[in-house]
>>> print(open('run-v5.txt').read())   # compact mmCIF, C-alpha atoms
# COMPACT_ATOMS: atom_id res chain seq x y z
CA MET Y 1 -7.56 17.34 -3.65
CA THR Y 2 -10.95 19.02 -4.02
CA GLU Y 3 -14.26 17.89 -5.48
CA ASP Y 4 -14.33 20.91 -7.82
CA MET Y 5 -10.89 20.05 -9.20
CA ILE Y 6 -11.83 16.41 -9.67
CA GLU Y 7 -15.06 17.38 -11.43
CA SER Y 8 -13.14 19.75 -13.72
CA GLY Y 9 -10.61 17.02 -14.55
CA ASN Y 10 -13.33 14.47 -15.21
CA MET Y 11 -15.06 16.84 -17.64
CA LYS Y 12 -11.82 17.35 -19.57
CA ILE Y 13 -11.15 13.61 -19.69
CA GLU Y 14 -14.67 12.84 -20.87
CA TRP Y 15 -14.42 15.47 -23.63
CA ALA Y 16 -11.13 14.00 -24.84
CA ARG Y 17 -12.44 10.43 -24.59
CA ASN Y 18 -15.44 11.33 -26.76
CA HIS Y 19 -13.06 12.50 -29.52
CA MET Y 20 -10.68 9.52 -29.47
CA PRO Y 21 -12.52 6.71 -31.31
CA VAL Y 22 -9.43 4.67 -32.22
CA LEU Y 23 -8.35 4.44 -28.60
CA ALA Y 24 -11.96 3.57 -27.68
CA HIS Y 25 -11.75 0.60 -30.06
CA VAL Y 26 -8.48 -0.51 -28.45
CA ARG Y 27 -10.02 -0.11 -25.00
CA GLU Y 28 -12.91 -2.41 -25.92
CA GLU Y 29 -10.42 -5.02 -27.15
CA PHE Y 30 -8.47 -4.66 -23.90
CA ILE Y 31 -11.60 -5.06 -21.77
CA THR Y 32 -12.40 -8.28 -23.57
CA GLY Y 33 -8.90 -9.76 -23.77
CA GLN Y 34 -7.31 -8.37 -20.56
CA PRO Y 35 -3.80 -8.55 -22.09
CA LEU Y 36 -2.14 -6.54 -19.31
CA VAL Y 37 -3.28 -8.49 -16.25
CA GLY Y 38 -0.32 -9.00 -13.94
CA HIS Y 39 1.66 -6.10 -15.45
CA THR Y 40 2.53 -2.73 -13.94
CA VAL Y 41 3.04 0.18 -16.32
CA GLY Y 42 5.14 3.15 -15.19
CA MET Y 43 4.60 6.33 -17.19
CA ALA Y 44 6.23 9.76 -17.50
CA LEU Y 45 4.05 11.77 -19.88
CA HIS Y 46 2.37 15.16 -20.15
CA VAL Y 47 -0.47 14.67 -17.68
CA GLU Y 48 -3.49 16.19 -19.38
CA ALA Y 49 -6.82 14.91 -20.65
CA LYS Y 50 -5.69 12.88 -23.68
CA THR Y 51 -3.00 11.17 -21.64
CA ALA Y 52 -5.62 10.32 -19.04
CA VAL Y 53 -7.61 8.44 -21.70
CA LEU Y 54 -4.51 6.36 -22.49
CA VAL Y 55 -4.00 5.65 -18.79
CA GLU Y 56 -7.64 4.54 -18.48
CA THR Y 57 -7.20 2.26 -21.49
CA LEU Y 58 -4.17 0.51 -19.98
CA ALA Y 59 -5.99 0.06 -16.68
CA ALA Y 60 -9.01 -1.32 -18.56
CA GLY Y 61 -6.65 -3.94 -20.02
CA GLY Y 62 -5.77 -5.15 -16.53
CA ALA Y 63 -2.62 -3.11 -15.80
CA GLN Y 64 -1.67 -1.37 -12.60
CA VAL Y 65 -0.57 2.13 -13.68
CA ALA Y 66 1.62 4.73 -12.00
CA ILE Y 67 2.21 8.03 -13.79
CA CYS Y 68 4.12 11.27 -13.30
CA GLY Y 69 4.75 14.28 -15.51
CA CYS Y 70 7.52 14.60 -18.09
CA ASN Y 71 7.65 18.40 -17.98
CA PRO Y 72 7.23 20.62 -14.90
CA LEU Y 73 4.73 22.94 -16.58
CA SER Y 74 2.63 20.56 -18.69
CA THR Y 75 0.64 18.88 -15.93
CA GLN Y 76 -2.98 19.95 -15.50
CA ASP Y 77 -3.66 19.53 -11.79
CA ASP Y 78 -7.38 18.92 -12.18
CA VAL Y 79 -6.74 16.05 -14.61
CA ALA Y 80 -4.03 14.64 -12.34
CA GLN Y 81 -6.38 14.70 -9.35
CA ALA Y 82 -9.19 13.09 -11.33
CA LEU Y 83 -6.85 10.32 -12.50
CA ASP Y 84 -5.78 9.66 -8.95
CA THR Y 85 -9.35 8.69 -8.03
CA ARG Y 86 -9.38 5.85 -10.59
CA LYS Y 87 -9.04 2.21 -9.60
CA ASN Y 88 -5.56 0.74 -10.24
CA ILE Y 89 -4.12 4.18 -11.14
CA ARG Y 90 -1.73 6.32 -9.08
CA CYS Y 91 -0.76 9.78 -10.29
CA TYR Y 92 2.22 11.74 -8.95
CA ALA Y 93 2.16 14.69 -11.35
CA ILE Y 94 2.03 18.28 -10.05
CA HIS Y 95 1.99 21.46 -12.12
CA ALA Y 96 4.93 23.87 -11.71
CA CYS Y 97 6.90 21.41 -9.59
CA SER Y 98 10.53 22.08 -8.71
CA ASN Y 99 13.35 20.09 -10.26
CA ASP Y 100 13.66 18.05 -7.04
CA GLU Y 101 9.91 17.40 -6.94
CA TYR Y 102 10.01 16.34 -10.59
CA TYR Y 103 12.61 13.63 -9.99
CA THR Y 104 10.98 12.59 -6.70
CA ALA Y 105 7.87 11.83 -8.75
CA ILE Y 106 9.95 9.83 -11.25
CA ASP Y 107 11.26 7.76 -8.35
CA ALA Y 108 7.75 7.36 -6.91
CA VAL Y 109 6.59 5.83 -10.21
CA LEU Y 110 9.58 3.46 -10.25
CA ASP Y 111 8.83 2.48 -6.66
CA HIS Y 112 5.75 0.70 -8.05
CA LYS Y 113 8.19 -1.75 -9.73
CA PRO Y 114 6.82 -1.42 -13.28
CA ASP Y 115 7.75 -4.12 -15.78
CA ILE Y 116 6.78 -1.86 -18.73
CA THR Y 117 7.44 1.88 -19.00
CA ILE Y 118 6.20 4.68 -21.24
CA ASP Y 119 8.34 7.79 -21.61
CA ASP Y 120 8.09 11.17 -23.29
CA GLY Y 121 11.69 12.33 -23.35
CA GLY Y 122 13.39 9.28 -21.81
CA ASP Y 123 13.62 10.38 -18.16
CA LEU Y 124 12.25 7.12 -16.71
CA ILE Y 125 14.61 5.05 -18.83
CA PHE Y 126 17.57 7.28 -17.98
CA LYS Y 127 16.78 6.98 -14.27
CA LEU Y 128 16.55 3.20 -14.58
CA HIS Y 129 19.95 3.02 -16.26
CA THR Y 130 21.72 5.34 -13.81
CA GLU Y 131 20.18 5.12 -10.34
CA ARG Y 132 17.69 2.22 -10.36
CA GLN Y 133 19.70 -0.47 -12.12
CA ASP Y 134 18.47 -3.10 -9.66
CA MET Y 135 15.11 -2.96 -11.45
CA MET Y 136 16.50 -3.62 -14.92
CA PRO Y 137 16.16 -7.44 -14.94
CA ASP Y 138 12.39 -7.14 -14.40
CA ILE Y 139 11.77 -4.62 -17.21
CA LEU Y 140 10.15 -6.33 -20.20
CA GLY Y 141 10.35 -3.21 -22.35
CA ALA Y 142 9.49 0.42 -22.80
CA CYS Y 143 7.83 2.83 -25.22
CA GLU Y 144 9.11 6.28 -26.18
CA GLU Y 145 6.71 8.97 -27.35
CA THR Y 146 8.78 11.81 -28.75
CA THR Y 147 11.58 12.64 -31.19
CA THR Y 148 13.95 13.91 -28.50
CA GLY Y 149 13.53 10.75 -26.46
CA VAL Y 150 14.17 8.51 -29.46
CA HIS Y 151 17.34 10.46 -30.23
CA ARG Y 152 18.55 9.92 -26.64
CA LEU Y 153 17.76 6.21 -26.82
CA LYS Y 154 19.49 5.67 -30.16
CA SER Y 155 22.52 7.44 -28.74
CA MET Y 156 22.45 5.08 -25.75
CA GLU Y 157 22.11 2.13 -28.13
CA ARG Y 158 25.12 3.27 -30.20
CA ASP Y 159 27.19 3.55 -27.02
CA GLY Y 160 26.13 0.11 -25.83
CA ALA Y 161 24.40 1.67 -22.83
CA LEU Y 162 20.78 0.70 -23.57
CA LYS Y 163 20.02 -2.50 -21.67
CA ILE Y 164 16.27 -2.89 -22.28
CA PRO Y 165 14.02 -3.12 -25.35
CA VAL Y 166 12.34 0.15 -26.32
CA ILE Y 167 9.72 0.66 -29.02
CA ALA Y 168 10.17 4.01 -30.78
CA VAL Y 169 6.48 4.94 -30.88
CA ASN Y 170 7.41 8.40 -32.17
CA ASP Y 171 8.64 6.82 -35.39
CA ALA Y 172 5.31 5.22 -36.30
CA LEU Y 173 3.94 6.82 -39.46
CA THR Y 174 0.58 7.32 -37.77
CA LYS Y 175 2.39 9.19 -35.01
CA PHE Y 176 4.95 11.59 -36.42
CA LEU Y 177 3.23 12.44 -39.71
CA PHE Y 178 0.16 13.60 -37.78
CA ASP Y 179 1.06 14.27 -34.14
CA ASN Y 180 4.33 16.07 -34.87
CA ARG Y 181 3.05 17.95 -37.92
CA TYR Y 182 -0.63 18.74 -37.41
CA GLY Y 183 -0.61 18.45 -33.62
CA THR Y 184 2.43 20.65 -32.98
CA GLY Y 185 1.41 23.05 -35.74
CA GLN Y 186 -2.02 23.74 -34.29
CA SER Y 187 -1.29 23.50 -30.57
CA SER Y 188 1.85 25.67 -30.63
CA TRP Y 189 -0.01 28.53 -32.24
CA ASP Y 190 -2.86 27.96 -29.83
CA GLY Y 191 -0.40 28.49 -26.96
CA ILE Y 192 1.22 31.54 -28.55
CA ILE Y 193 -2.06 33.22 -29.45
CA ARG Y 194 -3.87 32.63 -26.17
CA THR Y 195 -0.78 33.78 -24.24
CA THR Y 196 -0.03 36.95 -26.22
CA ASN Y 197 -3.46 37.86 -27.68
CA LEU Y 198 -1.58 39.41 -30.59
CA LEU Y 199 -2.13 39.32 -34.34
CA ILE Y 200 0.01 36.87 -36.32
CA ALA Y 201 -0.91 38.14 -39.78
CA GLY Y 202 1.74 40.36 -41.32
CA LYS Y 203 4.46 39.46 -38.82
CA ASN Y 204 7.85 37.93 -39.62
CA VAL Y 205 7.75 34.50 -37.98
CA VAL Y 206 11.01 32.57 -37.65
CA ILE Y 207 10.74 28.77 -37.40
CA ALA Y 208 13.95 27.12 -36.22
CA GLY Y 209 14.13 23.61 -37.66
CA TYR Y 210 12.20 22.06 -40.53
CA GLY Y 211 11.54 18.59 -39.20
CA TRP Y 212 7.93 17.46 -38.91
CA CYS Y 213 7.22 19.75 -35.96
CA GLY Y 214 8.77 22.70 -37.77
CA ARG Y 215 6.85 21.93 -40.97
CA GLY Y 216 3.55 21.89 -39.13
CA THR Y 217 4.32 25.08 -37.23
CA ALA Y 218 5.38 26.86 -40.43
CA MET Y 219 2.31 25.63 -42.31
CA ARG Y 220 -0.07 26.96 -39.67
CA ALA Y 221 1.82 30.26 -39.48
CA VAL Y 222 1.22 30.78 -43.18
CA GLY Y 223 -2.45 30.04 -42.65
CA LEU Y 224 -2.52 32.80 -40.04
CA GLY Y 225 -1.02 35.26 -42.53
CA ALA Y 226 2.57 35.34 -41.31
CA ASN Y 227 5.69 35.91 -43.39
CA VAL Y 228 7.61 32.73 -42.56
CA ILE Y 229 11.38 32.38 -42.35
CA VAL Y 230 12.98 28.97 -41.75
CA THR Y 231 16.43 28.32 -40.29
CA GLU Y 232 18.08 24.92 -40.74
CA ILE Y 233 21.41 23.07 -40.54
CA ASP Y 234 20.34 20.24 -42.89
CA PRO Y 235 20.76 21.23 -46.57
CA ILE Y 236 18.01 18.89 -47.76
CA ARG Y 237 15.48 20.21 -45.27
CA ALA Y 238 16.54 23.76 -46.03
CA LEU Y 239 15.96 23.07 -49.72
CA GLU Y 240 12.54 21.59 -48.95
CA ALA Y 241 11.61 24.67 -46.93
CA ARG Y 242 12.60 26.97 -49.79
CA MET Y 243 10.64 24.95 -52.33
CA ASP Y 244 7.67 24.94 -49.95
CA GLY Y 245 7.73 28.72 -50.35
CA TYR Y 246 9.55 29.91 -47.23
CA ARG Y 247 12.53 32.23 -46.92
CA VAL Y 248 15.59 30.37 -45.65
CA MET Y 249 18.56 32.02 -43.96
CA PRO Y 250 20.96 31.65 -41.00
CA MET Y 251 19.50 32.46 -37.59
CA ILE Y 252 21.82 35.45 -37.13
CA GLU Y 253 20.17 37.08 -40.15
CA ALA Y 254 16.66 36.02 -39.14
CA ALA Y 255 17.20 37.31 -35.61
CA ALA Y 256 17.42 40.89 -36.83
CA ILE Y 257 14.10 40.83 -38.70
CA GLY Y 258 11.99 38.28 -36.83
CA GLU Y 259 9.08 39.31 -34.64
CA ILE Y 260 8.01 35.88 -33.38
CA PHE Y 261 10.48 33.00 -33.00
CA VAL Y 262 9.45 29.35 -32.54
CA THR Y 263 12.18 26.76 -31.93
CA THR Y 264 11.40 23.17 -32.97
CA THR Y 265 14.84 21.54 -33.26
CA GLY Y 266 15.25 19.44 -30.12
CA ASN Y 267 18.79 20.84 -29.80
CA VAL Y 268 20.52 23.28 -27.44
CA ASP Y 269 21.41 26.96 -27.93
CA ILE Y 270 19.28 27.75 -30.96
CA LEU Y 271 18.75 31.30 -29.69
CA THR Y 272 21.75 32.73 -27.84
CA ARG Y 273 23.46 35.99 -26.93
CA GLU Y 274 24.48 36.82 -30.51
CA HIS Y 275 20.83 36.60 -31.55
CA PHE Y 276 19.44 38.50 -28.55
CA GLU Y 277 21.86 41.34 -29.31
CA VAL Y 278 20.23 42.07 -32.69
CA MET Y 279 16.58 41.28 -31.98
CA LYS Y 280 13.88 43.90 -32.40
CA ASP Y 281 12.15 45.53 -29.48
CA GLY Y 282 9.13 43.40 -28.57
CA ALA Y 283 10.41 40.14 -30.06
CA ILE Y 284 8.48 37.08 -28.86
CA LEU Y 285 10.33 33.81 -28.20
CA ALA Y 286 8.57 30.45 -27.89
CA ASN Y 287 9.82 26.87 -27.82
CA ALA Y 288 8.02 23.85 -29.27
CA GLY Y 289 10.91 21.41 -28.75
CA HIS Y 290 10.81 18.94 -25.88
CA PHE Y 291 13.28 20.41 -23.38
CA ASN Y 292 13.75 24.04 -22.35
CA VAL Y 293 17.27 24.23 -23.78
CA GLU Y 294 16.67 25.77 -27.19
CA ILE Y 295 16.47 29.35 -25.88
CA ASN Y 296 19.55 30.10 -23.76
CA LEU Y 297 17.79 31.80 -20.85
CA ASP Y 298 20.97 32.06 -18.76
CA GLU Y 299 22.56 34.29 -21.40
CA LEU Y 300 19.37 36.30 -21.81
CA LYS Y 301 19.11 36.87 -18.04
CA ALA Y 302 22.75 37.93 -17.89
CA MET Y 303 22.18 40.51 -20.63
CA ALA Y 304 18.97 41.95 -19.18
CA THR Y 305 19.06 45.18 -17.21
CA SER Y 306 15.65 44.30 -15.75
CA THR Y 307 12.96 41.65 -15.99
CA LYS Y 308 9.27 41.60 -15.24
CA LYS Y 309 6.19 39.45 -15.74
CA ALA Y 310 4.47 41.16 -18.65
CA ARG Y 311 1.46 38.84 -18.68
CA ASN Y 312 0.63 35.34 -17.50
CA ASN Y 313 3.23 33.01 -19.05
CA ILE Y 314 5.25 35.93 -20.50
CA MET Y 315 8.54 37.08 -18.98
CA GLU Y 316 9.88 40.35 -20.37
CA TYR Y 317 13.66 40.86 -20.50
CA ASN Y 318 14.73 44.48 -20.95
CA ILE Y 319 18.07 44.90 -22.69
CA ASP Y 320 18.91 48.62 -22.75
CA GLY Y 321 15.39 49.58 -23.74
CA ARG Y 322 14.68 46.61 -26.01
CA ARG Y 323 12.10 44.19 -24.68
CA ILE Y 324 12.43 40.49 -25.45
CA ASN Y 325 9.46 38.36 -24.36
CA VAL Y 326 9.84 34.67 -23.52
CA LEU Y 327 6.74 32.51 -23.35
CA ALA Y 328 6.24 29.75 -20.75
CA ASP Y 329 9.83 29.94 -19.44
CA GLY Y 330 11.06 28.49 -22.72
CA ARG Y 331 9.23 25.21 -22.10
CA LEU Y 332 6.85 23.51 -24.52
CA VAL Y 333 4.55 26.36 -25.41
CA ASN Y 334 1.75 24.11 -26.62
CA LEU Y 335 1.47 22.37 -23.25
CA ALA Y 336 2.82 24.92 -20.77
CA ALA Y 337 0.61 27.67 -22.23
CA ALA Y 338 -2.22 25.67 -23.83
CA ASP Y 339 -3.87 22.24 -23.78
CA GLY Y 340 -1.48 20.33 -26.01
CA HIS Y 341 -2.27 18.51 -29.23
CA PRO Y 342 -5.88 18.05 -30.37
CA ALA Y 343 -7.60 14.90 -29.15
CA GLU Y 344 -8.13 13.57 -32.67
CA VAL Y 345 -4.37 13.55 -33.26
CA MET Y 346 -3.43 12.05 -29.91
CA ASP Y 347 -6.04 9.38 -30.61
CA MET Y 348 -3.61 7.84 -33.09
CA SER Y 349 -0.46 8.41 -31.05
CA PHE Y 350 -1.90 6.88 -27.91
CA ALA Y 351 -3.54 3.99 -29.75
CA ASN Y 352 0.00 3.18 -30.93
CA GLN Y 353 1.22 3.41 -27.34
CA ALA Y 354 -1.48 1.13 -25.98
CA MET Y 355 -0.97 -1.55 -28.63
CA CYS Y 356 2.81 -1.36 -28.27
CA VAL Y 357 2.46 -1.94 -24.52
CA GLU Y 358 0.37 -5.02 -25.36
CA HIS Y 359 3.06 -6.11 -27.84
CA ILE Y 360 5.75 -5.84 -25.15
CA ALA Y 361 3.58 -7.80 -22.71
CA THR Y 362 3.03 -10.64 -25.20
CA HIS Y 363 6.42 -10.84 -26.98
CA LYS Y 364 9.96 -11.29 -25.76
CA LEU Y 365 12.04 -8.45 -27.20
CA THR Y 366 15.80 -8.05 -27.18
CA PRO Y 367 17.50 -4.92 -25.80
CA GLY Y 368 17.69 -2.04 -28.26
CA VAL Y 369 15.44 0.40 -30.10
CA HIS Y 370 12.64 -1.34 -32.00
CA PRO Y 371 10.25 0.07 -34.61
CA VAL Y 372 6.51 -0.02 -34.10
CA PRO Y 373 5.30 -3.27 -35.73
CA GLN Y 374 3.87 -2.41 -39.13
CA HIS Y 375 0.57 -4.16 -38.46
CA ILE Y 376 -0.04 -1.81 -35.52
CA ASP Y 377 0.70 1.27 -37.64
CA MET Y 378 -1.63 0.07 -40.38
CA LYS Y 379 -4.36 -0.89 -37.92
CA VAL Y 380 -4.30 2.60 -36.38
CA ALA Y 381 -4.60 4.20 -39.82
CA GLY Y 382 -7.45 1.92 -40.84
CA LEU Y 383 -9.38 2.52 -37.62
CA LYS Y 384 -8.92 6.28 -37.95
CA LEU Y 385 -10.26 6.27 -41.51
CA GLU Y 386 -13.21 4.16 -40.38
CA ALA Y 387 -13.94 6.57 -37.54
CA MET Y 388 -13.90 9.44 -40.05
CA GLY Y 389 -16.35 7.62 -42.32
CA ILE Y 390 -13.77 7.24 -45.09
CA THR Y 391 -13.40 4.14 -47.25
CA ILE Y 392 -10.55 3.55 -49.68
CA ASP Y 393 -9.81 1.22 -52.59
CA LYS Y 394 -8.27 -2.22 -52.12
CA ILE Y 395 -5.57 -3.56 -54.37
CA LYS Y 396 -6.75 -6.32 -56.74
CA PRO Y 397 -4.83 -9.61 -56.94
CA HIS Y 398 -3.48 -8.94 -60.44
CA GLN Y 399 -2.40 -5.45 -59.38
CA PHE Y 400 -0.52 -6.89 -56.45
CA GLU Y 401 1.16 -9.43 -58.72
CA TYR Y 402 2.17 -6.64 -61.12
CA MET Y 403 3.69 -4.54 -58.33
CA GLU Y 404 5.56 -7.52 -56.92
CA GLY Y 405 6.79 -8.84 -60.25
CA TRP Y 406 9.57 -7.80 -62.59
CA GLU Y 407 8.81 -9.69 -65.78
CA THR Y 408 6.46 -7.12 -67.37
CA GLY Y 409 8.34 -4.37 -69.19
CA THR Y 410 7.45 -1.50 -71.53
>>> encode(input="run-v5.txt", output="structure tokens")
Amino acid sequence: MTEDMIESGNMKIEWARNHMPVLAHVREEFITGQPLVGHTVGMALHVEAKTAVLVETLAAGGAQVAICGCNPLSTQDDVAQALDTRKNIRCYAIHACSNDEYYTAIDAVLDHKPDITIDDGGDLIFKLHTERQDMMPDILGACEETTTGVHRLKSMERDGALKIPVIAVNDALTKFLFDNRYGTGQSSWDGIIRTTNLLIAGKNVVIAGYGWCGRGTAMRAVGLGANVIVTEIDPIRALEARMDGYRVMPMIEAAAIGEIFVTTTGNVDILTREHFEVMKDGAILANAGHFNVEINLDELKAMATSTKKARNNIMEYNIDGRRINVLADGRLVNLAAADGHPAEVMDMSFANQAMCVEHIATHKLTPGVHPVPQHIDMKVAGLKLEAMGITIDKIKPHQFEYMEGWETGT
């Protein structure tokens, strides 16, 4: 730990804090009410500046906080070191950690005996259910930040394996409609552009998946002048993509004409050997899904006659004279190769997180996946509008009666 690193981290945190007015409002409420006194919050999130502001907010509410990373390449060491100087906060995140180091950090967080957890991908919860089951009776509840994690948790719930309450923060309207769409859309292209320093305009860009992350990534690609192609397995989403103006086709067809590929599905083996075999020389592959499983790197390595580091965060695989470039080892390109989502977007996501932690601390929830309480979602939206200087109409009593009634006809 060095003073220069701590100063750098503090500057990043202050910049983010100054652009997160909703979370600032929540923090003031927490300082006054101290709703988290006596609670320990264990966290596995992307440890960067916006996350640090959430951690500070929980500590301001009286919590003891222990945090580690949720992705080996998304931690910013200067932010992690700055966090570790804060009262009632312990940070175990390290950038570019090994797989063993990653899970050692998960265990270190759990060693603090948290009664509330926050996950981005479900690794803390999975560890609790498999190797740290002795802690389960003391867990009041958990929050999950991302689509992939919610999918894992709902699968556990269906199988009867989920033994604690979890709030699906990802599914809040003020989270996924903004974080997943505008956050992923902007930050993924930030990572791709700053890593490659190449022009996007005029290129064939293939977006795998047309969920909210895919929609945002496609939308921003169009704004950069790209020719966008969408691949999908869901006929409704595929139809939406076509009517939004994009070309839609199977990945095997897109692989032969694409120049930049961005995977946003949350699933495995989106780009595999059959696709690598037909890709153009110079193709660029990036992943904006949570885990590094969408691009099958094992198959790509097996096919390559040679590999080399072409540029920071770019690995070039040479397949008989064709070069295929993978960004950030196939991990989240917006965090492994950039600074993640904009602060103004994470302001809403992390305000949801903070208030859901308070909800867990003050309510007894049953095991299973729970939605974000509607009043929290609406409060976040209202505070964000207020911070932006926007006022909106209010429904009048007779309008409300009309909408709720059935008696009035044509």
>>> closest_residue(input="run-v5.txt", among="Y:Pro367, Y:Gly289, Y:Gly258, Y:Gly225", to="Y:Thr184", atoms="all atoms listed in the file")
Y:Gly289
>>> residues_around(input="run-v5.txt", residues="stretch 135-150 of chain Y", least_positions_apart="3", cutoff="7 Å", atoms="all atoms listed in the file", output="VMD selection string")
chain Y and resid 115 to 122 128 132 153 to 154 164 to 170 266 290 353 360
>>> atom_distance(input="run-v5.txt", atom1="atom CA of Y:Leu36", atom2="atom CA of Y:Val380")
19.5 Å
>>> atom_distance(input="run-v5.txt", atom1="atom CA of Y:Ile295", atom2="atom CA of Y:Asp281")
17.1 Å
>>> atom_distance(input="run-v5.txt", atom1="atom CA of Y:Glu259", atom2="atom CA of Y:Val206")
7.6 Å
>>> closest_atom_pairs(input="run-v5.txt", of="stretch 212-287 of chain Y", to="stretch 315-332 of chain Y", cutoff="6 Å", atoms="all atoms listed in the file", output="CSV")
residue,atom,partner,partner_atom,distance
Y:Asp281,CA,Y:Arg322,CA,4.4
Y:Gly282,CA,Y:Arg323,CA,5.0
Y:Ala283,CA,Y:Ile324,CA,5.0
Y:Ile284,CA,Y:Asn325,CA,4.8
Y:Leu285,CA,Y:Val326,CA,4.8
Y:Ala286,CA,Y:Leu327,CA,5.3
Y:Asn287,CA,Y:Gly330,CA,5.5
>>> closest_residue(input="run-v5.txt", among="Y:Gly245, Y:Pro235, Y:Pro342, Y:Gly185", to="Y:Met219", atoms="all atoms listed in the file")
Y:Gly185
>>> residues_around(input="run-v5.txt", residues="Y:Met303", least_positions_apart="2", cutoff="10 Å", atoms="all atoms listed in the file", output="list in words")
Arg273, Phe276, Glu277, Leu297, Asp298, Glu299, Leu300, Lys301, Thr305, Ser306, Tyr317, Asn318, Ile319 and Asp320 of chain Y
>>> write_last_selection(input="run-v5.txt", atoms="C-alpha atoms", output="mmCIF file, in the frame of the given file")
data_model
loop_
_atom_site.group_PDB
_atom_site.id
_atom_site.type_symbol
_atom_site.label_atom_id
_atom_site.label_comp_id
_atom_site.auth_asym_id
_atom_site.auth_seq_id
_atom_site.Cartn_x
_atom_site.Cartn_y
_atom_site.Cartn_z
ATOM 1 C CA ARG Y 273 23.460 35.990 -26.930
ATOM 2 C CA PHE Y 276 19.440 38.500 -28.550
ATOM 3 C CA GLU Y 277 21.860 41.340 -29.310
ATOM 4 C CA LEU Y 297 17.790 31.800 -20.850
ATOM 5 C CA ASP Y 298 20.970 32.060 -18.760
ATOM 6 C CA GLU Y 299 22.560 34.290 -21.400
ATOM 7 C CA LEU Y 300 19.370 36.300 -21.810
ATOM 8 C CA LYS Y 301 19.110 36.870 -18.040
ATOM 9 C CA THR Y 305 19.060 45.180 -17.210
ATOM 10 C CA SER Y 306 15.650 44.300 -15.750
ATOM 11 C CA TYR Y 317 13.660 40.860 -20.500
ATOM 12 C CA ASN Y 318 14.730 44.480 -20.950
ATOM 13 C CA ILE Y 319 18.070 44.900 -22.690
ATOM 14 C CA ASP Y 320 18.910 48.620 -22.750
#
>>> residues_around(input="run-v5.txt", residues="Y:Ser74", least_positions_apart="2", cutoff="10 Å", atoms="all atoms listed in the file", output="PDB file with C-alpha atoms, keeping the file's coordinate frame")
ATOM      1  CA  LEU Y  45       4.050  11.770 -19.880  1.00  0.00           C
ATOM      2  CA  HIS Y  46       2.370  15.160 -20.150  1.00  0.00           C
ATOM      3  CA  VAL Y  47      -0.470  14.670 -17.680  1.00  0.00           C
ATOM      4  CA  GLU Y  48      -3.490  16.190 -19.380  1.00  0.00           C
ATOM      5  CA  GLY Y  69       4.750  14.280 -15.510  1.00  0.00           C
ATOM      6  CA  CYS Y  70       7.520  14.600 -18.090  1.00  0.00           C
ATOM      7  CA  ASN Y  71       7.650  18.400 -17.980  1.00  0.00           C
ATOM      8  CA  PRO Y  72       7.230  20.620 -14.900  1.00  0.00           C
ATOM      9  CA  GLN Y  76      -2.980  19.950 -15.500  1.00  0.00           C
ATOM     10  CA  ASP Y  77      -3.660  19.530 -11.790  1.00  0.00           C
ATOM     11  CA  ALA Y  93       2.160  14.690 -11.350  1.00  0.00           C
ATOM     12  CA  ILE Y  94       2.030  18.280 -10.050  1.00  0.00           C
ATOM     13  CA  HIS Y  95       1.990  21.460 -12.120  1.00  0.00           C
ATOM     14  CA  ALA Y  96       4.930  23.870 -11.710  1.00  0.00           C
ATOM     15  CA  ARG Y 331       9.230  25.210 -22.100  1.00  0.00           C
ATOM     16  CA  LEU Y 332       6.850  23.510 -24.520  1.00  0.00           C
ATOM     17  CA  VAL Y 333       4.550  26.360 -25.410  1.00  0.00           C
ATOM     18  CA  ASN Y 334       1.750  24.110 -26.620  1.00  0.00           C
ATOM     19  CA  LEU Y 335       1.470  22.370 -23.250  1.00  0.00           C
ATOM     20  CA  ALA Y 336       2.820  24.920 -20.770  1.00  0.00           C
ATOM     21  CA  ALA Y 337       0.610  27.670 -22.230  1.00  0.00           C
ATOM     22  CA  ALA Y 338      -2.220  25.670 -23.830  1.00  0.00           C
ATOM     23  CA  ASP Y 339      -3.870  22.240 -23.780  1.00  0.00           C
ATOM     24  CA  GLY Y 340      -1.480  20.330 -26.010  1.00  0.00           C
TER      25      GLY Y 340
END
>>> closest_residue(input="run-v5.txt", among="Y:Ala208, Y:Glu157, Y:Asn352, Y:Arg237", to="Y:Glu294", atoms="only C-alpha atoms")
Y:Ala208
>>> closest_residue(input="run-v5.txt", among="Y:His359, Y:Cys91, Y:His275, Y:Ala387", to="Y:Pro371", atoms="only C-alpha atoms")
Y:His359
>>> closest_residue(input="run-v5.txt", among="Y:Cys68, Y:Leu224, Y:Ile200, Y:Met403", to="Y:Thr104", atoms="all atoms listed in the file")
Y:Cys68
